[in-house]
Amino acid sequence: MSLSKEKVRFGIVGCGTVSPLHAESMAACPYTELVAVSDVQAGRATEFAAEHGVKHTFTDYRELLQSGLVDAVSVCTPSGLHGEVAIAAAQAGRHVLCEKPLEIRAETLTAMIAAADKGQIKLGAVYQRRGLALTQRIKSAIDAGVLGPLVLCDAYLKYYRGQAYYDSAGWRGTYAMDGGGALMNQGVHGVDMIQWLGGGIRKVYARAAALARNIEVEDTAVAVVEFHSGAFGVIEGATTVYPERSTRFELHGERGTIVFDDQGLQQWQVRDVGDVTEAERGEPEQIAGIHSVGHYRFVEDMARAILEDREPLVPGREARKAVDIILAIYESARTGREVVLA
């Protein structure tokens, strides 16, 4: 199939806060065409379609999936509905690019991946930080043993969200639709990043609670973790830190250290080699928040994965790892015991 002549026809399910980034990315990508959108609020779907030049609108995503108009969908609904939409898409033979987190329940994650396998469709998730040149370079260096055996891998995910943020939508700060709080919503990107760079987490011991906000999920959490390599680490996640701090990652091996945050690389120093030069650092790469550049990389990658018949950048089985870790943190905080991940 010639990439220069073929396009993947996309639909978007859910026309809320993050969906414009998908629409803008699809408009910019030479391999995609946004042809339909769906939202339970007809007016919102119509307004979104008009703004982005989309011809077809639906209030029932199942009708969109069965319309024959799309090859793939971006799932931009509240987190608690990701599984429902993705499974229906897989059953209809439509590929799925899903917003984070992939889902919020372990059993639904398993069902999503099984449905994708059975339907022989691509299932991918948007973890923008993984697509950055800096983090790709760091991952390659760690895997190549540049730092030596890892000993400590830490993630500091300190955001600020006032009570008004949680009150702005009925699903925010609920287990049913948000799946959790500071970790499952804001922190999932950082949890994915540290587990990916560190080679996977196998044990957690945690505390999590709502210390400042009137919500049923956590606004503050801390976990001591053990990686498959034997390295230890700390994950701190909160929406109670004012002023909000730059998201920060520290990776320490027996031979050296790499530290980076939302402003880019802060330290890359290896014993007997020294610090990287300014030229080796490259141009600063802003990674704070959600931005269209990060989404574009995942939209383009999904389209190419479909056209080239390969796995997307972050396939379903990989995308669920961060969620499983967060669910284990919640279990540890609830029971007061260490939790070993399967």
# chains A, B, ... in the order shown; residues from 1 in each chain; ligands from 1

call {"tool": "residues_around", "arguments": {"residues": "range 156-165 of chain A", "least_positions_apart": "2", "cutoff": "7 Å", "atoms": "only C-alpha atoms", "output": "list in words"}}
result
Asp154, Asp167, Ser168, Gly187, Gly190, Arg213, Ile235, Glu236, Gly237, Ala238, Thr239, Thr240, Val241, Tyr242, Pro243, Glu244, Arg245, Thr247, Arg248 and Phe249 of chain A

call {"tool": "select_by_dssp", "arguments": {"residues": "range 88-271 of chain A", "states": "alpha helix (DSSP H)", "output": "number ranges by chain"}}
result
A: 88-91, 106-119, 133-143, 163-167, 188-198

call {"tool": "write_last_selection", "arguments": {"atoms": "C-alpha atoms", "output": "tab-separated table (two decimals), in the first residue's frame"}}
result
chain	number	residue	atom	x	y	z
A	88	ALA	CA	-17.23	-1.77	20.14
A	89	ALA	CA	-14.75	-0.34	17.61
A	90	ALA	CA	-12.72	-3.55	17.56
A	91	GLN	CA	-15.87	-5.59	17.06
A	106	ALA	CA	-7.99	-4.13	34.92
A	107	GLU	CA	-10.71	-6.44	33.66
A	108	THR	CA	-11.75	-3.95	30.98
A	109	LEU	CA	-8.13	-3.52	29.89
A	110	THR	CA	-7.95	-7.27	29.38
A	111	ALA	CA	-11.21	-7.25	27.42
A	112	MET	CA	-10.02	-4.37	25.21
A	113	ILE	CA	-6.80	-6.12	24.27
A	114	ALA	CA	-8.64	-9.40	23.65
A	115	ALA	CA	-11.18	-7.62	21.41
A	116	ALA	CA	-8.37	-5.95	19.45
A	117	ASP	CA	-6.62	-9.29	18.97
A	118	LYS	CA	-9.82	-11.01	17.89
A	119	GLY	CA	-10.79	-8.20	15.53
A	133	ALA	CA	13.34	13.00	20.79
A	134	LEU	CA	14.84	13.57	24.25
A	135	THR	CA	13.06	10.70	25.97
A	136	GLN	CA	13.74	8.38	23.03
A	137	ARG	CA	17.45	9.23	23.34
A	138	ILE	CA	17.41	8.65	27.09
A	139	LYS	CA	15.66	5.30	26.67
A	140	SER	CA	18.23	4.18	24.10
A	141	ALA	CA	21.10	5.21	26.38
A	142	ILE	CA	19.68	3.37	29.40
A	143	ASP	CA	18.99	0.23	27.36
A	163	GLN	CA	-11.62	22.44	44.00
A	164	ALA	CA	-13.20	24.33	41.10
A	165	TYR	CA	-11.44	22.02	38.65
A	166	TYR	CA	-13.04	18.94	40.20
A	167	ASP	CA	-16.41	20.67	40.42
A	188	VAL	CA	-0.40	8.56	34.39
A	189	HIS	CA	1.98	10.09	31.82
A	190	GLY	CA	4.75	10.28	34.41
A	191	VAL	CA	4.08	6.80	35.77
A	192	ASP	CA	4.28	5.46	32.22
A	193	MET	CA	7.52	7.36	31.62
A	194	ILE	CA	9.37	6.13	34.71
A	195	GLN	CA	8.26	2.51	34.31
A	196	TRP	CA	9.24	2.59	30.61
A	197	LEU	CA	12.66	4.12	31.21
A	198	GLY	CA	13.33	1.93	34.25

call {"tool": "closest_residue", "arguments": {"among": "A:Gly68, A:Gly274, A:Gly336, A:Pro149", "to": "Ala223 in chain A", "atoms": "only C-alpha atoms"}}
result
A:Gly336

call {"tool": "residues_around", "arguments": {"residues": "Glu338 in chain A", "least_positions_apart": "4", "cutoff": "8 Å", "atoms": "only C-alpha atoms", "output": "list in words"}}
result
Lys203, Val204, Tyr205, Ala206 and Ser332 of chain A

call {"tool": "write_last_selection", "arguments": {"atoms": "N, CA, C and O atoms", "output": "mmCIF file, in the first residue's frame"}}
result
data_model
loop_
_atom_site.group_PDB
_atom_site.id
_atom_site.type_symbol
_atom_site.label_atom_id
_atom_site.label_comp_id
_atom_site.auth_asym_id
_atom_site.auth_seq_id
_atom_site.Cartn_x
_atom_site.Cartn_y
_atom_site.Cartn_z
ATOM 1 N N LYS A 203 6.954 -4.215 42.126
ATOM 2 C CA LYS A 203 6.404 -4.131 43.481
ATOM 3 C C LYS A 203 6.142 -2.681 43.841
ATOM 4 O O LYS A 203 6.900 -1.791 43.436
ATOM 5 N N VAL A 204 5.081 -2.435 44.633
ATOM 6 C CA VAL A 204 4.801 -1.086 45.107
ATOM 7 C C VAL A 204 4.355 -1.136 46.565
ATOM 8 O O VAL A 204 3.735 -2.103 47.017
ATOM 9 N N TYR A 205 4.690 -0.080 47.300
ATOM 10 C CA TYR A 205 4.192 0.121 48.662
ATOM 11 C C TYR A 205 3.838 1.590 48.759
ATOM 12 O O TYR A 205 4.689 2.456 48.520
ATOM 13 N N ALA A 206 2.580 1.909 49.090
ATOM 14 C CA ALA A 206 2.106 3.269 48.844
ATOM 15 C C ALA A 206 1.179 3.807 49.923
ATOM 16 O O ALA A 206 0.600 3.070 50.721
ATOM 17 N N SER A 332 -2.340 -0.944 47.444
ATOM 18 C CA SER A 332 -1.412 -0.872 48.570
ATOM 19 C C SER A 332 -1.842 0.190 49.576
ATOM 20 O O SER A 332 -1.799 -0.036 50.791
#

call {"tool": "residues_around", "arguments": {"residues": "Leu341 in chain A", "least_positions_apart": "6", "cutoff": "8 Å", "atoms": "only C-alpha atoms", "output": "JSON list (two decimals) with N, CA, C and O atoms, in the first residue's frame"}}
result
[["chain", "number", "residue", "atom", "x", "y", "z"],
["A", 201, "ILE", "N", 8.01, -2.01, 36.53],
["A", 201, "ILE", "CA", 7.89, -2.04, 38.00],
["A", 201, "ILE", "C", 7.22, -3.34, 38.41],
["A", 201, "ILE", "O", 6.21, -3.75, 37.83],
["A", 202, "ARG", "N", 7.77, -3.98, 39.46],
["A", 202, "ARG", "CA", 7.19, -5.25, 39.90],
["A", 202, "ARG", "C", 6.58, -5.21, 41.30],
["A", 202, "ARG", "O", 5.78, -6.09, 41.64],
["A", 203, "LYS", "N", 6.95, -4.21, 42.13],
["A", 203, "LYS", "CA", 6.40, -4.13, 43.48],
["A", 203, "LYS", "C", 6.14, -2.68, 43.84],
["A", 203, "LYS", "O", 6.90, -1.79, 43.44],
["A", 324, "ASP", "N", -1.91, -0.52, 35.41],
["A", 324, "ASP", "CA", -1.76, -1.61, 36.37],
["A", 324, "ASP", "C", -0.93, -1.17, 37.58],
["A", 324, "ASP", "O", -1.22, -1.55, 38.72],
["A", 325, "ILE", "N", 0.10, -0.36, 37.34],
["A", 325, "ILE", "CA", 0.93, 0.14, 38.44],
["A", 325, "ILE", "C", 0.12, 1.06, 39.35],
["A", 325, "ILE", "O", 0.18, 0.97, 40.58],
["A", 328, "ALA", "N", -2.22, -0.88, 41.41],
["A", 328, "ALA", "CA", -1.48, -1.53, 42.50],
["A", 328, "ALA", "C", -1.16, -0.54, 43.61],
["A", 328, "ALA", "O", -1.22, -0.89, 44.80]]

call {"tool": "atom_distance", "arguments": {"atom1": "CA of Leu251 in chain A", "atom2": "CA of Ile104 in chain A"}}
result
27.5 Å

call {"tool": "select_by_dssp", "arguments": {"residues": "range 19-114 of chain A", "states": "strand (DSSP E or B)", "output": "mmCIF file with N, CA and C atoms, in the first residue's frame"}}
result
data_model
loop_
_atom_site.group_PDB
_atom_site.id
_atom_site.type_symbol
_atom_site.label_atom_id
_atom_site.label_comp_id
_atom_site.auth_asym_id
_atom_site.auth_seq_id
_atom_site.Cartn_x
_atom_site.Cartn_y
_atom_site.Cartn_z
ATOM 1 N N THR A 32 -3.868 11.024 7.027
ATOM 2 C CA THR A 32 -5.149 10.931 7.722
ATOM 3 C C THR A 32 -6.168 11.925 7.174
ATOM 4 N N GLU A 33 -7.429 11.554 7.355
ATOM 5 C CA GLU A 33 -8.542 12.430 7.011
ATOM 6 C C GLU A 33 -9.616 12.269 8.083
ATOM 7 N N LEU A 34 -9.999 13.372 8.716
ATOM 8 C CA LEU A 34 -11.066 13.342 9.713
ATOM 9 C C LEU A 34 -12.401 13.503 9.004
ATOM 10 N N VAL A 35 -13.221 12.451 9.046
ATOM 11 C CA VAL A 35 -14.466 12.461 8.273
ATOM 12 C C VAL A 35 -15.723 12.469 9.129
ATOM 13 N N ALA A 36 -15.607 12.132 10.441
ATOM 14 C CA ALA A 36 -16.815 12.061 11.266
ATOM 15 C C ALA A 36 -16.465 12.249 12.733
ATOM 16 N N VAL A 37 -17.426 12.781 13.489
ATOM 17 C CA VAL A 37 -17.268 12.926 14.929
ATOM 18 C C VAL A 37 -18.551 12.508 15.617
ATOM 19 N N SER A 38 -18.419 12.122 16.885
ATOM 20 C CA SER A 38 -19.578 11.701 17.668
ATOM 21 C C SER A 38 -19.493 12.280 19.066
ATOM 22 N N HIS A 56 -19.614 14.712 8.767
ATOM 23 C CA HIS A 56 -20.600 13.816 9.370
ATOM 24 C C HIS A 56 -20.548 13.879 10.898
ATOM 25 N N THR A 57 -21.720 13.975 11.519
ATOM 26 C CA THR A 57 -21.810 13.996 12.977
ATOM 27 C C THR A 57 -22.788 12.932 13.460
ATOM 28 N N PHE A 58 -22.519 12.430 14.669
ATOM 29 C CA PHE A 58 -23.370 11.414 15.283
ATOM 30 C C PHE A 58 -23.501 11.711 16.776
ATOM 31 N N ALA A 72 -10.715 4.110 11.377
ATOM 32 C CA ALA A 72 -10.172 4.169 12.734
ATOM 33 C C ALA A 72 -10.862 5.276 13.510
ATOM 34 N N VAL A 73 -10.771 5.180 14.842
ATOM 35 C CA VAL A 73 -11.336 6.225 15.693
ATOM 36 C C VAL A 73 -10.341 6.631 16.763
ATOM 37 N N SER A 74 -10.381 7.911 17.128
ATOM 38 C CA SER A 74 -9.714 8.406 18.325
ATOM 39 C C SER A 74 -10.751 8.442 19.439
ATOM 40 N N VAL A 75 -10.438 7.803 20.554
ATOM 41 C CA VAL A 75 -11.362 7.761 21.686
ATOM 42 C C VAL A 75 -10.979 8.873 22.661
ATOM 43 N N HIS A 95 -9.854 0.426 13.784
ATOM 44 C CA HIS A 95 -8.655 0.611 14.593
ATOM 45 C C HIS A 95 -8.898 1.696 15.635
ATOM 46 N N VAL A 96 -8.112 1.657 16.732
ATOM 47 C CA VAL A 96 -8.379 2.539 17.876
ATOM 48 C C VAL A 96 -7.104 3.231 18.356
ATOM 49 N N LEU A 97 -7.168 4.567 18.398
ATOM 50 C CA LEU A 97 -6.170 5.377 19.084
ATOM 51 C C LEU A 97 -6.866 5.967 20.297
ATOM 52 N N CYS A 98 -6.405 5.610 21.496
ATOM 53 C CA CYS A 98 -7.119 5.958 22.720
ATOM 54 C C CYS A 98 -6.339 6.955 23.548
#

call {"tool": "closest_residue", "arguments": {"among": "A:Gly16, A:Pro315, A:Gly180, A:Gly199", "to": "Asp301 in chain A", "atoms": "only C-alpha atoms"}}
result
A:Pro315

call {"tool": "decode", "arguments": {"residues": "range 38-75 of chain A", "atoms": "N, CA and C atoms", "output": "PDB file, in the first residue's frame"}}
result
ATOM      1  N   SER A  38     -18.419  12.122  16.885  1.00  0.00           N
ATOM      2  CA  SER A  38     -19.578  11.701  17.668  1.00  0.00           C
ATOM      3  C   SER A  38     -19.493  12.280  19.066  1.00  0.00           C
ATOM      4  N   ASP A  39     -20.627  12.744  19.574  1.00  0.00           N
ATOM      5  CA  ASP A  39     -20.716  13.200  20.951  1.00  0.00           C
ATOM      6  C   ASP A  39     -22.165  13.059  21.393  1.00  0.00           C
ATOM      7  N   VAL A  40     -22.366  12.699  22.651  1.00  0.00           N
ATOM      8  CA  VAL A  40     -23.732  12.519  23.150  1.00  0.00           C
ATOM      9  C   VAL A  40     -24.509  13.824  23.128  1.00  0.00           C
ATOM     10  N   GLN A  41     -23.796  14.958  23.138  1.00  0.00           N
ATOM     11  CA  GLN A  41     -24.437  16.263  23.012  1.00  0.00           C
ATOM     12  C   GLN A  41     -24.395  16.683  21.539  1.00  0.00           C
ATOM     13  N   ALA A  42     -25.552  16.647  20.902  1.00  0.00           N
ATOM     14  CA  ALA A  42     -25.611  16.923  19.466  1.00  0.00           C
ATOM     15  C   ALA A  42     -25.047  18.291  19.119  1.00  0.00           C
ATOM     16  N   GLY A  43     -25.340  19.284  19.946  1.00  0.00           N
ATOM     17  CA  GLY A  43     -24.852  20.625  19.662  1.00  0.00           C
ATOM     18  C   GLY A  43     -23.336  20.707  19.702  1.00  0.00           C
ATOM     19  N   ARG A  44     -22.743  20.002  20.642  1.00  0.00           N
ATOM     20  CA  ARG A  44     -21.289  20.025  20.740  1.00  0.00           C
ATOM     21  C   ARG A  44     -20.658  19.337  19.531  1.00  0.00           C
ATOM     22  N   ALA A  45     -21.245  18.227  19.087  1.00  0.00           N
ATOM     23  CA  ALA A  45     -20.731  17.537  17.907  1.00  0.00           C
ATOM     24  C   ALA A  45     -20.842  18.422  16.670  1.00  0.00           C
ATOM     25  N   THR A  46     -21.978  19.089  16.520  1.00  0.00           N
ATOM     26  CA  THR A  46     -22.187  19.957  15.361  1.00  0.00           C
ATOM     27  C   THR A  46     -21.218  21.129  15.360  1.00  0.00           C
ATOM     28  N   GLU A  47     -21.040  21.743  16.519  1.00  0.00           N
ATOM     29  CA  GLU A  47     -20.127  22.875  16.633  1.00  0.00           C
ATOM     30  C   GLU A  47     -18.693  22.451  16.343  1.00  0.00           C
ATOM     31  N   PHE A  48     -18.298  21.315  16.879  1.00  0.00           N
ATOM     32  CA  PHE A  48     -16.951  20.807  16.665  1.00  0.00           C
ATOM     33  C   PHE A  48     -16.726  20.497  15.182  1.00  0.00           C
ATOM     34  N   ALA A  49     -17.713  19.855  14.557  1.00  0.00           N
ATOM     35  CA  ALA A  49     -17.600  19.509  13.140  1.00  0.00           C
ATOM     36  C   ALA A  49     -17.461  20.757  12.275  1.00  0.00           C
ATOM     37  N   ALA A  50     -18.233  21.778  12.584  1.00  0.00           N
ATOM     38  CA  ALA A  50     -18.148  23.022  11.815  1.00  0.00           C
ATOM     39  C   ALA A  50     -16.790  23.683  11.973  1.00  0.00           C
ATOM     40  N   GLU A  51     -16.265  23.658  13.181  1.00  0.00           N
ATOM     41  CA  GLU A  51     -14.971  24.291  13.449  1.00  0.00           C
ATOM     42  C   GLU A  51     -13.834  23.589  12.723  1.00  0.00           C
ATOM     43  N   HIS A  52     -13.956  22.264  12.556  1.00  0.00           N
ATOM     44  CA  HIS A  52     -12.849  21.497  11.982  1.00  0.00           C
ATOM     45  C   HIS A  52     -13.146  20.963  10.581  1.00  0.00           C
ATOM     46  N   GLY A  53     -14.224  21.426   9.977  1.00  0.00           N
ATOM     47  CA  GLY A  53     -14.523  21.053   8.602  1.00  0.00           C
ATOM     48  C   GLY A  53     -14.874  19.590   8.419  1.00  0.00           C
ATOM     49  N   VAL A  54     -15.624  19.020   9.364  1.00  0.00           N
ATOM     50  CA  VAL A  54     -16.007  17.612   9.321  1.00  0.00           C
ATOM     51  C   VAL A  54     -17.435  17.495   8.784  1.00  0.00           C
ATOM     52  N   LYS A  55     -17.649  16.556   7.877  1.00  0.00           N
ATOM     53  CA  LYS A  55     -18.950  16.458   7.193  1.00  0.00           C
ATOM     54  C   LYS A  55     -20.017  15.712   7.997  1.00  0.00           C
ATOM     55  N   HIS A  56     -19.614  14.712   8.767  1.00  0.00           N
ATOM     56  CA  HIS A  56     -20.600  13.816   9.370  1.00  0.00           C
ATOM     57  C   HIS A  56     -20.548  13.879  10.898  1.00  0.00           C
ATOM     58  N   THR A  57     -21.720  13.975  11.519  1.00  0.00           N
ATOM     59  CA  THR A  57     -21.810  13.996  12.977  1.00  0.00           C
ATOM     60  C   THR A  57     -22.788  12.932  13.460  1.00  0.00           C
ATOM     61  N   PHE A  58     -22.519  12.430  14.669  1.00  0.00           N
ATOM     62  CA  PHE A  58     -23.370  11.414  15.283  1.00  0.00           C
ATOM     63  C   PHE A  58     -23.501  11.711  16.776  1.00  0.00           C
ATOM     64  N   THR A  59     -24.603  11.272  17.357  1.00  0.00           N
ATOM     65  CA  THR A  59     -24.749  11.335  18.812  1.00  0.00           C
ATOM     66  C   THR A  59     -24.551   9.958  19.431  1.00  0.00           C
ATOM     67  N   ASP A  60     -24.552   8.911  18.612  1.00  0.00           N
ATOM     68  CA  ASP A  60     -24.312   7.542  19.059  1.00  0.00           C
ATOM     69  C   ASP A  60     -23.078   7.026  18.342  1.00  0.00           C
ATOM     70  N   TYR A  61     -22.019   6.791  19.113  1.00  0.00           N
ATOM     71  CA  TYR A  61     -20.765   6.364  18.478  1.00  0.00           C
ATOM     72  C   TYR A  61     -20.911   5.025  17.756  1.00  0.00           C
ATOM     73  N   ARG A  62     -21.870   4.203  18.177  1.00  0.00           N
ATOM     74  CA  ARG A  62     -22.074   2.918  17.499  1.00  0.00           C
ATOM     75  C   ARG A  62     -22.522   3.127  16.061  1.00  0.00           C
ATOM     76  N   GLU A  63     -23.312   4.150  15.842  1.00  0.00           N
ATOM     77  CA  GLU A  63     -23.740   4.457  14.469  1.00  0.00           C
ATOM     78  C   GLU A  63     -22.554   4.922  13.633  1.00  0.00           C
ATOM     79  N   LEU A  64     -21.666   5.686  14.248  1.00  0.00           N
ATOM     80  CA  LEU A  64     -20.451   6.102  13.539  1.00  0.00           C
ATOM     81  C   LEU A  64     -19.637   4.871  13.147  1.00  0.00           C
ATOM     82  N   LEU A  65     -19.467   3.941  14.078  1.00  0.00           N
ATOM     83  CA  LEU A  65     -18.659   2.749  13.816  1.00  0.00           C
ATOM     84  C   LEU A  65     -19.254   1.884  12.714  1.00  0.00           C
ATOM     85  N   GLN A  66     -20.572   1.846  12.626  1.00  0.00           N
ATOM     86  CA  GLN A  66     -21.242   1.002  11.634  1.00  0.00           C
ATOM     87  C   GLN A  66     -21.523   1.731  10.321  1.00  0.00           C
ATOM     88  N   SER A  67     -21.152   3.003  10.247  1.00  0.00           N
ATOM     89  CA  SER A  67     -21.506   3.820   9.079  1.00  0.00           C
ATOM     90  C   SER A  67     -20.712   3.488   7.826  1.00  0.00           C
ATOM     91  N   GLY A  68     -19.548   2.854   7.997  1.00  0.00           N
ATOM     92  CA  GLY A  68     -18.686   2.595   6.858  1.00  0.00           C
ATOM     93  C   GLY A  68     -17.853   3.801   6.458  1.00  0.00           C
ATOM     94  N   LEU A  69     -17.938   4.869   7.242  1.00  0.00           N
ATOM     95  CA  LEU A  69     -17.229   6.100   6.897  1.00  0.00           C
ATOM     96  C   LEU A  69     -15.786   6.100   7.372  1.00  0.00           C
ATOM     97  N   VAL A  70     -15.476   5.308   8.433  1.00  0.00           N
ATOM     98  CA  VAL A  70     -14.165   5.424   9.069  1.00  0.00           C
ATOM     99  C   VAL A  70     -13.423   4.095   9.079  1.00  0.00           C
ATOM    100  N   ASP A  71     -12.102   4.213   9.075  1.00  0.00           N
ATOM    101  CA  ASP A  71     -11.213   3.061   9.248  1.00  0.00           C
ATOM    102  C   ASP A  71     -10.724   2.963  10.686  1.00  0.00           C
ATOM    103  N   ALA A  72     -10.715   4.110  11.377  1.00  0.00           N
ATOM    104  CA  ALA A  72     -10.172   4.169  12.734  1.00  0.00           C
ATOM    105  C   ALA A  72     -10.862   5.276  13.510  1.00  0.00           C
ATOM    106  N   VAL A  73     -10.771   5.180  14.842  1.00  0.00           N
ATOM    107  CA  VAL A  73     -11.336   6.225  15.693  1.00  0.00           C
ATOM    108  C   VAL A  73     -10.341   6.631  16.763  1.00  0.00           C
ATOM    109  N   SER A  74     -10.381   7.911  17.128  1.00  0.00           N
ATOM    110  CA  SER A  74      -9.714   8.406  18.325  1.00  0.00           C
ATOM    111  C   SER A  74     -10.751   8.442  19.439  1.00  0.00           C
ATOM    112  N   VAL A  75     -10.438   7.803  20.554  1.00  0.00           N
ATOM    113  CA  VAL A  75     -11.362   7.761  21.686  1.00  0.00           C
ATOM    114  C   VAL A  75     -10.979   8.873  22.661  1.00  0.00           C
TER     115      VAL A  75
END
